[in-house]
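What's in final-v5.cif: mmCIF, C-alpha atoms and all ligand atoms
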data_query
#
loop_
_atom_site.label_atom_id
_atom_site.label_comp_id
_atom_site.auth_asym_id
_atom_site.auth_seq_id
_atom_site.Cartn_x
_atom_site.Cartn_y
_atom_site.Cartn_z
CA MET U 1279 0.00 0.00 0.00
CA SER U 1280 1.39 3.43 -0.82
CA ALA U 1281 1.54 6.36 1.58
CA THR U 1282 -1.36 7.85 -0.35
CA GLY U 1283 -3.50 5.09 1.17
CA TYR U 1284 -3.80 7.18 4.35
CA ARG U 1285 -5.19 10.53 5.34
CA ILE U 1286 -5.34 12.64 8.49
CA VAL U 1287 -8.75 12.98 10.12
CA LYS U 1288 -9.75 15.57 12.70
CA LEU U 1289 -11.70 14.09 15.61
CA ALA U 1290 -14.52 15.71 17.57
CA ASN U 1291 -12.19 16.53 20.49
CA GLY U 1292 -9.86 18.44 18.15
CA SER U 1293 -7.08 15.83 18.03
CA HIS U 1294 -5.99 14.14 14.80
CA SER U 1295 -5.63 10.49 13.83
CA VAL U 1296 -4.47 8.49 10.81
CA HIS U 1297 -7.17 6.89 8.64
CA SER U 1298 -6.50 3.89 6.36
CA LEU U 1299 -8.42 4.24 3.09
CA ALA U 1300 -7.95 0.54 2.24
CA HIS U 1301 -9.37 -0.70 5.56
CA HIS U 1302 -11.87 2.17 5.98
CA GLU U 1303 -10.66 2.45 9.57
CA THR U 1304 -9.34 5.32 11.65
CA PHE U 1305 -6.49 4.18 13.89
CA HIS U 1306 -7.82 5.86 17.06
CA PRO U 1307 -11.31 6.95 16.06
CA VAL U 1308 -12.88 8.74 19.02
CA VAL U 1309 -10.54 10.17 21.61
CA GLY U 1310 -7.38 10.19 19.50
CA PRO U 1311 -4.11 8.33 19.72
CA MET U 1312 -2.66 9.60 22.98
CA VAL U 1313 -5.74 9.47 25.20
CA GLU U 1314 -6.57 5.96 24.04
CA ALA U 1315 -3.02 4.65 24.48
CA GLU U 1316 -2.70 6.23 27.92
CA SER U 1317 -5.79 4.54 29.32
CA LEU U 1318 -5.64 1.26 27.42
CA TYR U 1319 -1.93 0.51 27.82
CA LEU U 1320 0.07 2.92 29.97
CA ARG U 1321 -2.25 3.13 32.98
CA GLN U 1322 -4.02 -0.20 32.67
CA LEU U 1323 -0.76 -2.13 32.40
CA ARG U 1324 0.55 -0.14 35.38
CA LEU U 1325 3.73 0.27 33.38
CA ALA U 1326 5.27 2.91 35.65
CA GLU U 1327 4.80 0.69 38.71
CA ARG U 1328 6.05 -2.45 36.97
CA LEU U 1329 9.08 -0.68 35.51
CA LYS U 1330 10.02 0.76 38.91
CA LYS U 1331 10.22 -2.73 40.42
CA HIS U 1332 11.94 -4.17 37.38
CA THR U 1333 15.62 -4.86 36.81
CA GLY U 1334 17.00 -5.46 33.33
CA GLU U 1335 15.09 -4.98 30.08
CA PHE U 1336 11.34 -4.58 30.17
CA VAL U 1337 10.08 -6.03 26.90
CA ILE U 1338 6.93 -4.72 25.17
CA TRP U 1339 5.50 -6.21 21.99
CA ASP U 1340 3.67 -3.64 19.89
CA VAL U 1341 1.41 -5.55 17.52
CA GLY U 1342 0.29 -3.21 14.75
CA LEU U 1343 2.94 -0.46 14.88
CA GLY U 1344 0.85 1.66 12.50
CA ALA U 1345 1.77 5.28 13.11
CA ALA U 1346 3.55 4.46 16.42
CA ALA U 1347 1.13 6.32 18.70
CA ASN U 1348 1.10 3.52 21.24
CA VAL U 1349 4.88 3.25 21.53
CA VAL U 1350 5.39 7.01 21.70
CA THR U 1351 2.64 7.47 24.32
CA VAL U 1352 4.29 4.84 26.50
CA LEU U 1353 7.66 6.56 26.04
CA ARG U 1354 6.20 9.93 27.04
CA GLY U 1355 4.55 8.40 30.09
CA LEU U 1356 7.66 6.62 31.35
CA ARG U 1357 10.53 8.85 30.31
CA ASP U 1358 11.11 10.35 33.75
CA GLN U 1359 11.74 6.93 35.16
CA PRO U 1360 15.15 5.28 34.95
CA GLY U 1361 14.91 1.95 33.17
CA HIS U 1362 15.51 0.01 29.98
CA LEU U 1363 12.61 -0.56 27.59
CA ARG U 1364 12.79 -2.88 24.62
CA PHE U 1365 10.03 -2.54 22.05
CA LEU U 1366 9.42 -5.13 19.41
CA SER U 1367 7.03 -3.59 16.90
CA PHE U 1368 5.21 -5.62 14.27
CA ASP U 1369 3.55 -4.47 11.07
CA HIS U 1370 3.41 -5.62 7.49
CA THR U 1371 3.83 -2.09 6.19
CA PRO U 1372 5.99 0.89 7.16
CA GLU U 1373 3.62 3.26 5.33
CA PRO U 1374 1.46 4.56 8.21
CA LEU U 1375 4.55 5.62 10.16
CA ALA U 1376 6.16 7.13 7.05
CA PHE U 1377 2.90 8.99 6.44
CA ALA U 1378 2.71 10.17 10.07
CA LEU U 1379 6.26 11.51 9.82
CA GLN U 1380 5.03 13.80 7.06
CA HIS U 1381 2.29 15.10 9.39
CA VAL U 1382 4.10 15.51 12.70
CA GLU U 1383 2.61 18.91 13.43
CA GLU U 1384 -1.03 17.88 13.02
CA LEU U 1385 -0.63 14.60 14.88
CA GLY U 1386 1.40 16.19 17.66
CA TYR U 1387 2.43 13.05 19.52
CA LEU U 1388 5.48 12.26 17.35
CA GLU U 1389 7.23 15.52 18.15
CA GLY U 1390 10.66 14.85 19.61
CA TYR U 1391 10.62 11.24 18.40
CA GLU U 1392 11.01 11.92 14.67
CA ALA U 1393 14.68 10.90 14.56
CA ALA U 1394 14.03 7.62 16.38
CA ALA U 1395 11.10 6.79 14.08
CA GLN U 1396 13.10 7.65 10.98
CA THR U 1397 16.00 5.43 12.05
CA LEU U 1398 13.57 2.64 12.87
CA LEU U 1399 12.10 2.81 9.37
CA ARG U 1400 15.49 3.07 7.69
CA GLU U 1401 17.42 0.48 9.68
CA GLY U 1402 14.76 -1.69 11.29
CA LYS U 1403 16.04 -0.85 14.76
CA THR U 1404 17.23 2.04 16.87
CA ARG U 1405 18.68 2.71 20.32
CA PHE U 1406 18.28 6.05 22.06
CA THR U 1407 17.68 7.68 25.41
CA THR U 1408 14.66 9.78 26.31
CA GLY U 1409 14.72 11.41 29.75
CA ALA U 1410 15.96 8.76 32.15
CA LEU U 1411 15.02 5.86 29.87
CA THR U 1412 17.21 3.78 27.60
CA VAL U 1413 15.20 2.45 24.68
CA ASP U 1414 15.80 -0.29 22.14
CA TRP U 1415 13.15 -0.31 19.42
CA GLU U 1416 13.04 -2.90 16.69
CA LEU U 1417 10.61 -3.35 13.80
CA GLN U 1418 9.61 -6.73 12.38
CA LEU U 1419 8.22 -5.93 8.96
CA ALA U 1420 6.21 -9.02 7.99
CA ASP U 1421 2.78 -10.57 7.97
CA PHE U 1422 2.30 -11.04 11.72
CA PRO U 1423 0.41 -14.37 11.70
CA SER U 1424 3.02 -15.97 9.39
CA LEU U 1425 5.94 -14.54 11.35
CA LEU U 1426 4.48 -15.72 14.63
CA ALA U 1427 4.00 -19.23 13.24
CA SER U 1428 7.62 -19.41 12.06
CA SER U 1429 10.56 -20.73 14.10
CA ALA U 1430 12.10 -17.21 13.97
CA ALA U 1431 9.47 -16.12 16.51
CA GLU U 1432 10.99 -18.46 19.09
CA LEU U 1433 14.09 -16.25 19.17
CA PHE U 1434 12.22 -13.03 19.99
CA PRO U 1435 12.71 -11.65 23.51
CA ARG U 1436 9.71 -12.76 25.55
CA PRO U 1437 7.35 -9.91 26.42
CA HIS U 1438 6.30 -8.49 29.79
CA ALA U 1439 3.45 -6.67 28.04
CA ILE U 1440 1.73 -6.76 24.65
CA MET U 1441 -0.15 -3.87 23.05
CA PHE U 1442 -2.48 -5.59 20.59
CA ASP U 1443 -3.83 -3.06 18.10
CA ALA U 1444 -4.89 -4.64 14.81
CA PHE U 1445 -7.85 -3.38 12.81
CA SER U 1446 -11.26 -4.80 13.77
CA PRO U 1447 -11.93 -8.54 13.33
CA ALA U 1448 -14.50 -7.89 10.60
CA ARG U 1449 -11.92 -6.07 8.46
CA ASN U 1450 -8.73 -7.76 9.64
CA PRO U 1451 -9.78 -11.34 10.60
CA ALA U 1452 -6.29 -12.84 10.11
CA MET U 1453 -5.12 -10.96 13.22
CA TRP U 1454 -7.83 -12.37 15.50
CA THR U 1455 -7.86 -16.15 14.96
CA LEU U 1456 -7.62 -18.81 17.65
CA PRO U 1457 -4.45 -20.32 16.07
CA LEU U 1458 -2.77 -16.90 16.25
CA PHE U 1459 -3.55 -16.31 19.94
CA THR U 1460 -2.71 -19.92 20.79
CA ARG U 1461 0.74 -19.47 19.27
CA LEU U 1462 1.15 -16.09 20.97
CA PHE U 1463 0.36 -17.64 24.33
CA GLN U 1464 2.80 -20.50 23.70
CA LEU U 1465 5.56 -18.00 22.96
CA LEU U 1466 5.23 -16.35 26.38
CA ASP U 1467 7.61 -17.30 29.14
CA PRO U 1468 5.41 -18.84 31.88
CA ALA U 1469 7.83 -17.44 34.46
CA ARG U 1470 7.49 -13.89 33.09
CA PRO U 1471 4.14 -12.26 33.94
CA CYS U 1472 2.72 -10.71 30.78
CA ALA U 1473 -0.52 -8.84 30.11
CA LEU U 1474 -2.22 -8.01 26.83
CA PRO U 1475 -4.91 -5.32 26.75
CA THR U 1476 -6.91 -4.70 23.62
CA TYR U 1477 -9.71 -2.32 22.73
CA SER U 1478 -12.57 -4.78 22.13
CA ARG U 1479 -14.85 -6.29 24.76
CA SER U 1480 -16.56 -8.68 22.37
CA THR U 1481 -17.50 -12.16 23.50
CA ILE U 1482 -15.80 -13.77 20.52
CA LEU U 1483 -12.48 -12.09 21.40
CA ARG U 1484 -12.71 -13.08 25.06
CA VAL U 1485 -13.57 -16.69 24.22
CA THR U 1486 -10.65 -16.79 21.76
CA LEU U 1487 -8.17 -15.52 24.36
CA LEU U 1488 -9.41 -17.99 26.99
CA LEU U 1489 -9.25 -20.95 24.62
CA ALA U 1490 -5.74 -19.87 23.61
CA GLY U 1491 -4.72 -20.30 27.26
CA PHE U 1492 -4.87 -16.75 28.65
CA PHE U 1493 -6.68 -15.64 31.79
CA VAL U 1494 -9.08 -12.88 30.75
CA GLY U 1495 -10.62 -9.92 32.54
CA ALA U 1496 -12.71 -6.83 31.92
CA GLY U 1497 -10.45 -3.97 30.89
CA HIS U 1498 -10.46 -0.25 31.64
CA PRO U 1499 -12.66 2.19 29.70
CA THR U 1500 -10.81 4.26 27.11
CA GLY U 1501 -13.07 7.26 26.58
CA GLU U 1502 -14.28 5.55 23.44
CA LYS U 1503 -15.32 2.21 24.94
CA GLU U 1504 -16.95 1.72 28.32
CA GLU U 1505 -15.08 -1.50 28.76
CA THR U 1506 -12.17 -3.21 27.03
CA THR U 1507 -10.40 -6.53 27.58
CA ILE U 1508 -7.17 -7.53 29.26
CA ALA U 1509 -5.62 -10.98 29.00
CA ALA U 1510 -2.63 -12.31 30.92
CA ASN U 1511 -0.65 -15.45 31.61
CA THR U 1512 -1.26 -14.98 35.34
CA LEU U 1513 -4.43 -14.06 37.25
CA ALA U 1514 -2.31 -11.72 39.37
CA LEU U 1515 -2.23 -9.18 36.52
CA LEU U 1516 -6.04 -9.01 36.24
CA GLU U 1517 -8.14 -6.70 38.43
CA GLU U 1518 -11.51 -8.03 37.28
CA PRO U 1519 -11.30 -11.58 35.89
CA LEU U 1520 -14.36 -12.78 34.00
CA GLY U 1521 -16.46 -15.02 36.23
CA LEU U 1522 -19.14 -17.67 36.04
CA ARG U 1523 -21.87 -15.14 35.23
CA TRP U 1524 -19.98 -14.15 32.09
CA LEU U 1525 -19.55 -17.83 31.22
CA GLU U 1526 -23.29 -18.41 31.49
CA ARG U 1527 -23.99 -15.49 29.16
CA VAL U 1528 -21.61 -16.86 26.52
CA LYS U 1529 -24.07 -19.65 25.80
CA ARG U 1530 -26.65 -17.12 24.64
CA SER U 1531 -24.32 -15.09 22.43
CA ALA U 1532 -24.85 -15.17 18.67
CA SER U 1533 -21.14 -14.48 18.13
CA ALA U 1534 -18.89 -16.48 20.44
CA GLU U 1535 -17.22 -19.22 18.41
CA PRO U 1536 -13.59 -18.21 17.71
CA LEU U 1537 -12.35 -17.68 14.18
CA HIS U 1538 -10.49 -20.88 13.31
CA GLU U 1539 -9.48 -19.43 9.95
CA PRO U 1540 -8.78 -15.88 8.76
CA ILE U 1541 -12.34 -15.44 7.54
CA TYR U 1542 -14.80 -13.34 9.52
CA ARG U 1543 -18.07 -14.98 10.46
CA GLN U 1544 -20.33 -14.99 13.46
CA ALA U 1545 -21.55 -18.17 15.13
CA PRO U 1546 -22.75 -19.25 18.58
CA LEU U 1547 -20.31 -21.25 20.68
CA SER U 1548 -20.03 -24.94 19.82
CA ALA U 1549 -20.64 -27.49 22.58
CA ALA U 1550 -16.98 -28.58 22.40
CA ALA U 1551 -15.73 -25.02 22.83
CA PHE U 1552 -18.09 -24.44 25.78
CA GLU U 1553 -16.80 -27.59 27.47
CA ALA U 1554 -13.21 -26.43 26.91
CA LEU U 1555 -14.08 -23.06 28.46
CA ARG U 1556 -15.62 -24.74 31.51
CA GLN U 1557 -12.38 -26.65 32.02
CA HIS U 1558 -10.30 -23.44 31.94
CA PRO U 1559 -8.48 -22.89 35.26
CA GLN U 1560 -10.15 -19.46 35.50
CA PHE U 1561 -13.56 -21.09 35.95
CA ARG U 1562 -12.65 -24.28 37.78
CA GLN U 1563 -13.55 -23.87 41.44
C1 LIG U 1601 -5.16 0.22 14.15
S1 LIG U 1601 -3.69 0.19 13.22
C2 LIG U 1601 -2.44 0.34 14.46
C3 LIG U 1601 -2.29 1.71 15.05
C4 LIG U 1601 -1.01 1.85 15.81
N1 LIG U 1601 -0.90 0.95 16.94
C5 LIG U 1601 -0.70 3.26 16.24
O1 LIG U 1601 -0.43 3.47 17.43
O2 LIG U 1601 -0.69 4.15 15.40
C6 LIG U 1601 -3.53 -1.52 12.78
C7 LIG U 1601 -2.20 -1.90 12.20
O3 LIG U 1601 -2.16 -3.31 12.03
C8 LIG U 1601 -1.40 -3.60 10.88
N2 LIG U 1601 -1.73 -4.94 10.37
C9 LIG U 1601 -2.92 -5.37 9.87
N3 LIG U 1601 -2.83 -6.63 9.44
C10 LIG U 1601 -1.55 -7.03 9.67
C11 LIG U 1601 -0.84 -8.26 9.41
N4 LIG U 1601 -1.44 -9.30 8.84
N5 LIG U 1601 0.45 -8.32 9.79
C12 LIG U 1601 1.06 -7.26 10.37
N6 LIG U 1601 0.44 -6.08 10.62
C13 LIG U 1601 -0.85 -5.96 10.28
C14 LIG U 1601 -1.82 -2.50 9.91
O4 LIG U 1601 -0.87 -2.33 8.86
C15 LIG U 1601 -1.96 -1.28 10.82
O5 LIG U 1601 -0.81 -0.49 10.82
#

Take the structure in the file and give it back as structure tokens.
Amino acid sequence: MSATGYRIVKLANGSHSVHSLAHHETFHPVVGPMVEAESLYLRQLRLAERLKKHTGEFVIWDVGLGAAANVVTVLRGLRDQPGHLRFLSFDHTPEPLAFALQHVEELGYLEGYEAAAQTLLREGKTRFTTGALTVDWELQLADFPSLLASSAAELFPRPHAIMFDAFSPARNPAMWTLPLFTRLFQLLDPARPCALPTYSRSTILRVTLLLAGFFVGAGHPTGEKEETTIAANTLALLEEPLGLRWLERVKRSASAEPLHEPIYRQAPLSAAAFEALRQHPQFRQ
């Protein structure tokens, strides 16, 4: 896709966001890139608190680099704190970030991080300091589901946090399948607590994450959504794990069966999937 496949849109609150013409989706459609990233990732993941207690590299996977609003918002939020962050960003195109770099003034959030973003695009990685932080930032430019399935993924540094920001399942189904999240879960280090917030609260997403092996809870509101979702490889990282009442409601949902293939469709949960959910450690008493 060429850089002309994007445009800048002005949101109701006066901030600006990138819009993909091919996907007919605005990256951060209601409250804008920084407000959404602050509530969904920075605060919800309690990154400041976790980084303070942390020694060594704190690894964050950024799935759907796009125009880098999520990474830059996290950097702005943490830069007064001494520490070492390692970002592993994933996207199959550098175009949204290249486009954003041509619109730094309107977008605002990239200011001060232009050089880092340019080096990332040119060299695939960059190291820099911002405030008290040392940052390593690497870009994996590939189709994410294929890359994740490959043996190369086994060499990636294991994450402490994942920002999962693909387009919506209806428009971007390949990024929301059960095989993808199952592989993602398998790649985590069980001894390294890791949480993954994402903007949707849909039943199908939550079922998919549970069946992939994650514990799943209700996530913070973002200004756009009243509730989101947070998944983790340990219950300790969830404030509000989904309970038996949620499980009962799943049976009545018209869209709960995970996508087994990268094709969007809606279906109620199969009996086999419901049984697998009931056996999940989150619901076993
Ligand atoms: C909502 S945008 C991400 C916005 C971004 N996080 C930001 O802060 O600006 C979704 C991103 O997912 C990427 N994406 C979609 N399908 C993908 C795939 N199969 N592999 C890798 N990246 C993909 C798109 O190119 C797009 O940049």

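With all atoms listed in the file as the basis for measurement, U:Ser1317 is the residue among U:Ser1317, U:Gln1560, U:Gln1322, U:Ser1298 that approaches Glu1502 (chain U) most closely.
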
Enumerate residues in contact with ligand LIG 1601 (chain U): an atom-to-atom distance of at most 7 Å, counting all atoms listed in the file. Format the result as an mmCIF file with C-alpha atoms, keeping the file's coordinate frame.
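Saved as out23.cif:
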data_model
loop_
_atom_site.group_PDB
_atom_site.id
_atom_site.type_symbol
_atom_site.label_atom_id
_atom_site.label_comp_id
_atom_site.auth_asym_id
_atom_site.auth_seq_id
_atom_site.Cartn_x
_atom_site.Cartn_y
_atom_site.Cartn_z
ATOM 1 C CA PHE U 1305 -6.490 4.180 13.890
ATOM 2 C CA HIS U 1306 -7.820 5.860 17.060
ATOM 3 C CA PRO U 1311 -4.110 8.330 19.720
ATOM 4 C CA VAL U 1341 1.410 -5.550 17.520
ATOM 5 C CA GLY U 1342 0.290 -3.210 14.750
ATOM 6 C CA LEU U 1343 2.940 -0.460 14.880
ATOM 7 C CA GLY U 1344 0.850 1.660 12.500
ATOM 8 C CA ALA U 1345 1.770 5.280 13.110
ATOM 9 C CA ALA U 1346 3.550 4.460 16.420
ATOM 10 C CA ALA U 1347 1.130 6.320 18.700
ATOM 11 C CA ASN U 1348 1.100 3.520 21.240
ATOM 12 C CA VAL U 1349 4.880 3.250 21.530
ATOM 13 C CA PHE U 1368 5.210 -5.620 14.270
ATOM 14 C CA ASP U 1369 3.550 -4.470 11.070
ATOM 15 C CA HIS U 1370 3.410 -5.620 7.490
ATOM 16 C CA THR U 1371 3.830 -2.090 6.190
ATOM 17 C CA PRO U 1374 1.460 4.560 8.210
ATOM 18 C CA ALA U 1420 6.210 -9.020 7.990
ATOM 19 C CA ASP U 1421 2.780 -10.570 7.970
ATOM 20 C CA PHE U 1422 2.300 -11.040 11.720
ATOM 21 C CA PRO U 1423 0.410 -14.370 11.700
ATOM 22 C CA ASP U 1443 -3.830 -3.060 18.100
ATOM 23 C CA ALA U 1444 -4.890 -4.640 14.810
ATOM 24 C CA PHE U 1445 -7.850 -3.380 12.810
ATOM 25 C CA ASN U 1450 -8.730 -7.760 9.640
ATOM 26 C CA ALA U 1452 -6.290 -12.840 10.110
ATOM 27 C CA MET U 1453 -5.120 -10.960 13.220
#

Can you pull out the residues contacting Leu1537 (chain U)? Cut-off 9 Å, using all atoms listed in the file, and skip same-chain residues under 2 positions away; I want them as a list in words.
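Contacts, in chain order: Pro1451, Ala1452, Trp1454, Thr1455, Leu1456, Pro1457, Ile1482, Thr1486, Glu1535, Glu1539, Pro1540, Ile1541, Tyr1542, Arg1543 and Gln1544 of chain U.
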
Contact residues around Glu1517 (chain U) with all atoms listed in the file at 9 Å, ignoring same-chain residues under 6 positions, as a list in words
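Contacts, in chain order: Gly1495, Ala1496 and Gly1497 of chain U.
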
So which residues fall inside 8 Å of (2.6, 7.6, 24.8) if we count all atoms listed in the file? Mind giving them as a list in words?
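The answer, in the requested form, is Met1312, Ala1315, Glu1316, Leu1320, Ala1347, Asn1348, Val1349, Val1350, Thr1351, Val1352, Leu1353, Arg1354, Gly1355 and Tyr1387 of chain U.
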
Let me make sure I understand: among U:Leu1318, U:Val1309, U:Leu1520, U:Ala1378, which one has the smallest atom-to-atom distance to His1297 (chain U) if we use all atoms listed in the file?
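Of U:Leu1318, U:Val1309, U:Leu1520, U:Ala1378, the one nearest His1297 (chain U) is U:Ala1378, counting all atoms listed in the file.
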
Could you state the separation of CA of Pro1475 (chain U) and CA of Val1494 (chain U) in Å, given to one decimal place?
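According to the coordinates, CA of Pro1475 (chain U) and CA of Val1494 (chain U) are separated by 9.5 Å.
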
Please, what distance in Å, to one decimal, runs between CA of Leu1426 (chain U) and CA of Tyr1391 (chain U)?
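That distance, rounded to one decimal, is 27.9 Å.
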
To one decimal place in Å, what is the distance between CA of Ile1286 (chain U) and CA of Ala1393 (chain U)?
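Separation of CA of Ile1286 (chain U) and CA of Ala1393 (chain U): 21.0 Å.
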
Determine the nearest neighbour of Leu1515 (chain U) from the options U:Lys1503, U:Leu1356, U:Ala1439, U:Phe1552, counting all atoms listed in the file.
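Answer, going by the shortest atom-to-atom distance: U:Ala1439.
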
Please output region 1366-1382 of chain U, rebuilt to include N, CA and C atoms, as a tab-separated table (two decimals), keeping the file's coordinate frame.
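Dumped to result.tsv:
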chain	number	residue	atom	x	y	z
U	1366	LEU	N	9.39	-4.35	20.64
U	1366	LEU	CA	9.42	-5.13	19.41
U	1366	LEU	C	8.12	-4.79	18.70
U	1367	SER	N	8.23	-4.00	17.63
U	1367	SER	CA	7.03	-3.59	16.90
U	1367	SER	C	6.83	-4.49	15.70
U	1368	PHE	N	5.56	-4.74	15.39
U	1368	PHE	CA	5.21	-5.62	14.27
U	1368	PHE	C	4.24	-4.89	13.35
U	1369	ASP	N	4.52	-4.94	12.07
U	1369	ASP	CA	3.55	-4.47	11.07
U	1369	ASP	C	3.97	-5.03	9.73
U	1370	HIS	N	3.01	-5.15	8.81
U	1370	HIS	CA	3.41	-5.62	7.49
U	1370	HIS	C	3.67	-4.46	6.52
U	1371	THR	N	3.51	-3.24	7.04
U	1371	THR	CA	3.83	-2.09	6.19
U	1371	THR	C	4.43	-0.95	7.02
U	1372	PRO	N	5.43	-0.28	6.46
U	1372	PRO	CA	5.99	0.89	7.16
U	1372	PRO	C	5.22	2.16	6.81
U	1373	GLU	N	4.24	2.06	5.91
U	1373	GLU	CA	3.62	3.26	5.33
U	1373	GLU	C	2.91	4.17	6.33
U	1374	PRO	N	2.13	3.62	7.29
U	1374	PRO	CA	1.46	4.56	8.21
U	1374	PRO	C	2.45	5.43	8.99
U	1375	LEU	N	3.58	4.83	9.41
U	1375	LEU	CA	4.55	5.62	10.16
U	1375	LEU	C	5.24	6.63	9.24
U	1376	ALA	N	5.56	6.20	8.01
U	1376	ALA	CA	6.16	7.13	7.05
U	1376	ALA	C	5.20	8.29	6.79
U	1377	PHE	N	3.92	7.96	6.67
U	1377	PHE	CA	2.90	8.99	6.44
U	1377	PHE	C	2.82	9.93	7.65
U	1378	ALA	N	2.81	9.35	8.85
U	1378	ALA	CA	2.71	10.17	10.07
U	1378	ALA	C	3.90	11.12	10.18
U	1379	LEU	N	5.07	10.65	9.75
U	1379	LEU	CA	6.26	11.51	9.82
U	1379	LEU	C	6.16	12.72	8.89
U	1380	GLN	N	5.26	12.63	7.92
U	1380	GLN	CA	5.03	13.80	7.06
U	1380	GLN	C	3.96	14.72	7.66
U	1381	HIS	N	3.37	14.31	8.78
U	1381	HIS	CA	2.29	15.10	9.39
U	1381	HIS	C	2.50	15.26	10.90
U	1382	VAL	N	3.75	15.46	11.27
U	1382	VAL	CA	4.10	15.51	12.70
U	1382	VAL	C	3.35	16.63	13.42
